Amino acid sequence: MSRRTIATLAALGAALCLAGPARAQDRAAQGTAPAATSAPASAPTAAGTSNSAANSAANSAADSALDERTAAVARTLRCPVCQGESIQASPSELAQQMRTLVKDRLRAGESPDQVRAYFVSKYGEWILLEPSMTGLNKLLYAFPVLLVIGGLAFVAMLVRRWTGTAASPPPSPPAP
Amino acid sequence: MNWKRAFVAVVAALPLLWLFKFGFTRNPADIPSPLPGRPAPAFALPVFATGEGPLARTVGDTLRLREFSGKVLVVNFWASWCIPCREEHEALTTSARDYIGRPVQFVGVLYNDRPADALRWIAGLGGQSYPALLDPGARMAIDYGVYGVPETFIIDPAGRITYKHTGAITRAVLHTWIDSLVSDKATRAPASRGSGR
């Protein structure tokens with residue numbers, strides 16, 4: 001009985017620990033998706049320069065690639081006039097203007113990180129929806145992990161105590 | 001035993017209470033700006049509202065940041081749909097008049113608004129003494145990290161942003177900052193100009 005309880009808890013803990021990284025991988029996959037699609041989109045631009053039809057097709061492909069890169073950056077920037085929304089999600093005028101600015105800067109050859117750095121230089125770290133993993137911010141990321149480890153340790157301690165008292169002779173029976 | 005427990009509980013609660021005190025006394029709408037102390041971003045925008053008397057500029061003229069080097073520059077982002085802008089209009093327009101003949105320039109920048117509405121707004125409030133600029137696409141506003149109107153920036157004669165004011169500004173605030181920078185300038189040595197205040 002007590003062994004089973006411990007095994008169940010251990011399984012639960014393992015599941016929790018695995019869930020975290022799995023979600024992180026999901027996110028990483030999402031993050032790289034736009035980059036992956038932009039590579040094939042830029043290929044036709046190089047190939048089809050002689051044919052104007054192919055050229056315009058390539059242009060629109062390049063445009064949609066730029067749109068996707070813009071959206072990827074816009075998703076990471078906080079809309080200043082909204083509550084916890086990215087400038088990609090917000091229909092507000094300022095968010096639209098910021099998206100246009102992101103697009104113009106990417107088109108001008110800036111990297112996504114350079115575009116983000118521009119916005120940080122104007123609005124501070126606040127503009128990033130996810131705090132960068134540097135300096136004190138690392139604490140922010142470490143805290144939930146520490147909390148889970150601490151909680152598991154606490155539960156394990158409790159379980160050990162409960163099972164311990166169950167194994168030892170029961171305390172004095174309640175006096176009637 | 002019970003006292004010991006109570007003591008532990010209190011000690012454990014203290015940091016949490018401190019955190020609450022920190023969190024609940026802050027205005028989440030206040031975004032700390034990294035700009036004060038940094039050089040003001042350059043701009044070159046067309047005048048759409050002339051201003052009055054000695055401060056007037058021609059409609060369509062392009063005003064540039066560098067034109068105002070050596071002067072204290074007050075940049076006010078506003079819009080006709082913004083209620084606090086109405087409140088601060090008097091303070092700005094009279095302060096601009098107060099400093100006629102001194103090395104001080106006031107400039108309005110229209111933020112996400114139609115120029116016709118803005119001109120009607122100015123006329124409705126009895127005019128504006130200093131010129132106002134159009135900022136298509138809010139490029140200048142974003143360059144200045146504006147997230148709402150009104151916001152007012154005070155730029156020192158060396159072209160550095162000294163102060164950013166969020167919300168309606170008052171004459172007292174304007175005068176305090178401008179006076180500190182103008183008197184700086186009266187006794188200026190090129191090296192000391194960058195210090196800001």
# chains A, B, ... in the order shown; residues from 1 in each chain; ligands from 1
>>> closest_atom_pairs(of="chain B", to="chain A", cutoff="12 Å", atoms="only C-alpha atoms", output="JSON lines")
{"residue": "B:Pro28", "atom": "CA", "partner": "A:Gln83", "partner_atom": "CA", "distance": 9.7}
{"residue": "B:Ala29", "atom": "CA", "partner": "A:Val81", "partner_atom": "CA", "distance": 9.0}
{"residue": "B:Asp30", "atom": "CA", "partner": "A:Pro80", "partner_atom": "CA", "distance": 10.4}
{"residue": "B:Ile31", "atom": "CA", "partner": "A:Trp126", "partner_atom": "CA", "distance": 7.3}
{"residue": "B:Pro32", "atom": "CA", "partner": "A:Gly124", "partner_atom": "CA", "distance": 7.2}
{"residue": "B:Ser33", "atom": "CA", "partner": "A:Tyr123", "partner_atom": "CA", "distance": 5.8}
{"residue": "B:Pro34", "atom": "CA", "partner": "A:Gly124", "partner_atom": "CA", "distance": 5.6}
{"residue": "B:Leu35", "atom": "CA", "partner": "A:Lys122", "partner_atom": "CA", "distance": 6.6}
{"residue": "B:Pro36", "atom": "CA", "partner": "A:Lys122", "partner_atom": "CA", "distance": 10.4}
{"residue": "B:Arg38", "atom": "CA", "partner": "A:Ser121", "partner_atom": "CA", "distance": 10.1}
{"residue": "B:Pro39", "atom": "CA", "partner": "A:Lys122", "partner_atom": "CA", "distance": 11.7}
{"residue": "B:Ala40", "atom": "CA", "partner": "A:Lys122", "partner_atom": "CA", "distance": 10.7}
{"residue": "B:Pro41", "atom": "CA", "partner": "A:Lys122", "partner_atom": "CA", "distance": 9.7}
{"residue": "B:Tyr111", "atom": "CA", "partner": "A:Leu94", "partner_atom": "CA", "distance": 9.5}
{"residue": "B:Asn112", "atom": "CA", "partner": "A:Glu93", "partner_atom": "CA", "distance": 7.5}
{"residue": "B:Asp113", "atom": "CA", "partner": "A:Glu93", "partner_atom": "CA", "distance": 10.4}
{"residue": "B:Asp135", "atom": "CA", "partner": "A:Gln97", "partner_atom": "CA", "distance": 11.4}
{"residue": "B:Pro136", "atom": "CA", "partner": "A:Gln97", "partner_atom": "CA", "distance": 9.5}
{"residue": "B:Gly137", "atom": "CA", "partner": "A:Gln97", "partner_atom": "CA", "distance": 5.7}
{"residue": "B:Ala138", "atom": "CA", "partner": "A:Gln97", "partner_atom": "CA", "distance": 6.7}
{"residue": "B:Arg139", "atom": "CA", "partner": "A:Leu101", "partner_atom": "CA", "distance": 7.7}
{"residue": "B:Met140", "atom": "CA", "partner": "A:Lys122", "partner_atom": "CA", "distance": 10.9}
{"residue": "B:Ala141", "atom": "CA", "partner": "A:Leu94", "partner_atom": "CA", "distance": 9.4}
{"residue": "B:Ile142", "atom": "CA", "partner": "A:Lys122", "partner_atom": "CA", "distance": 7.3}
{"residue": "B:Asp143", "atom": "CA", "partner": "A:Lys122", "partner_atom": "CA", "distance": 6.3}
{"residue": "B:Tyr144", "atom": "CA", "partner": "A:Lys122", "partner_atom": "CA", "distance": 6.3}
{"residue": "B:Gly145", "atom": "CA", "partner": "A:Lys122", "partner_atom": "CA", "distance": 4.7}
{"residue": "B:Val146", "atom": "CA", "partner": "A:Tyr123", "partner_atom": "CA", "distance": 8.0}
{"residue": "B:Tyr147", "atom": "CA", "partner": "A:Pro80", "partner_atom": "CA", "distance": 5.2}
{"residue": "B:Gly148", "atom": "CA", "partner": "A:Val81", "partner_atom": "CA", "distance": 6.9}
{"residue": "B:Val149", "atom": "CA", "partner": "A:Val81", "partner_atom": "CA", "distance": 10.4}
>>> write_last_selection(atoms="C-alpha atoms", output="compact mmCIF listing (two decimals), in the first residue's frame")
# COMPACT_ATOMS: atom_id res chain seq x y z
CA PRO B 28 1.23 48.87 -14.08
CA ALA B 29 0.50 51.47 -16.76
CA ASP B 30 3.76 53.27 -16.00
CA ILE B 31 6.37 51.96 -18.37
CA PRO B 32 9.86 53.01 -17.33
CA SER B 33 11.49 54.74 -20.27
CA PRO B 34 15.14 54.02 -21.04
CA LEU B 35 15.38 57.31 -22.97
CA PRO B 36 16.19 60.03 -20.39
CA ARG B 38 20.27 59.46 -24.02
CA PRO B 39 20.63 61.59 -27.16
CA ALA B 40 17.24 62.50 -28.58
CA PRO B 41 16.35 60.54 -31.74
CA TYR B 111 -0.07 61.35 -32.74
CA ASN B 112 -2.46 59.14 -34.72
CA ASP B 113 -4.93 61.85 -35.61
CA ASP B 135 4.15 62.23 -37.79
CA PRO B 136 2.88 59.80 -40.42
CA GLY B 137 3.02 56.18 -39.30
CA ALA B 138 3.92 57.36 -35.78
CA ARG B 139 7.59 56.77 -36.67
CA MET B 140 8.83 59.60 -34.48
CA ALA B 141 6.50 58.56 -31.66
CA ILE B 142 7.88 55.01 -31.72
CA ASP B 143 11.41 56.41 -31.93
CA TYR B 144 10.66 58.28 -28.70
CA GLY B 145 9.09 55.22 -27.06
CA VAL B 146 5.68 56.88 -26.85
CA TYR B 147 2.90 54.57 -25.69
CA GLY B 148 0.13 57.07 -25.17
CA VAL B 149 -0.65 60.75 -25.30
>>> residues_around(residues="B:Phe48", least_positions_apart="3", cutoff="12 Å", atoms="only C-alpha atoms", output="list in words")
Leu45, Gly51, Ala56, Arg57, Thr58, Val59, Gly60, Asp61, Thr62, Leu63, Val107, Gly108, Val109, Leu110, Arg114, Pro115, Ala116, Asp117, Ala118, Leu119, Ile122, Tyr130, Pro131, Ala132, Leu133, Leu134, Asp135 and Pro136 of chain B
>>> residues_around(residues="A:Glu85", least_positions_apart="3", cutoff="12 Å", atoms="only C-alpha atoms", output="PyMOL selection string")
chain A and resi 74-82+88-92+95+127-130
>>> write_last_selection(atoms="C-alpha atoms", output="mmCIF file, in the first residue's frame")
data_model
loop_
_atom_site.group_PDB
_atom_site.id
_atom_site.type_symbol
_atom_site.label_atom_id
_atom_site.label_comp_id
_atom_site.auth_asym_id
_atom_site.auth_seq_id
_atom_site.Cartn_x
_atom_site.Cartn_y
_atom_site.Cartn_z
ATOM 1 C CA ALA A 74 5.702 40.929 -33.867
ATOM 2 C CA ARG A 75 4.563 38.010 -31.708
ATOM 3 C CA THR A 76 7.465 38.628 -29.330
ATOM 4 C CA LEU A 77 6.814 42.356 -28.868
ATOM 5 C CA ARG A 78 4.342 43.722 -26.361
ATOM 6 C CA CYS A 79 1.725 46.185 -27.546
ATOM 7 C CA PRO A 80 2.198 49.382 -25.496
ATOM 8 C CA VAL A 81 -1.476 50.355 -25.515
ATOM 9 C CA CYS A 82 -2.921 46.913 -24.705
ATOM 10 C CA GLN A 88 0.823 40.854 -33.775
ATOM 11 C CA ALA A 89 -2.418 40.102 -31.908
ATOM 12 C CA SER A 90 -3.543 43.675 -31.343
ATOM 13 C CA PRO A 91 -5.709 45.572 -33.844
ATOM 14 C CA SER A 92 -4.753 48.930 -32.316
ATOM 15 C CA ALA A 95 0.418 48.042 -32.976
ATOM 16 C CA ILE A 127 8.484 45.590 -24.668
ATOM 17 C CA LEU A 128 9.592 41.939 -24.824
ATOM 18 C CA LEU A 129 6.738 39.558 -24.018
ATOM 19 C CA GLU A 130 9.263 36.967 -22.847
#
>>> atom_distance(atom1="atom CA of B:Arg86", atom2="atom CA of B:Val173")
16.9 Å
>>> residues_around(residues="A:Arg107", least_positions_apart="5", cutoff="10 Å", atoms="only C-alpha atoms", output="MDAnalysis selection string")
chainID A and resid 63 66:67 69:70 101:102
>>> atom_distance(atom1="atom CA of B:Ala42", atom2="atom CA of B:Gly127")
27.2 Å
>>> residues_around(residues="B:Cys85", least_positions_apart="2", cutoff="10 Å", atoms="only C-alpha atoms", output="number ranges by chain")
B: 76-83, 87-90, 92, 149-151, 167-169
>>> select_by_dssp(residues="chain B", states="alpha helix (DSSP H)", output="VMD selection string")
chain B and resid 2 to 24 83 to 98 115 to 124 139 to 143 171 to 186
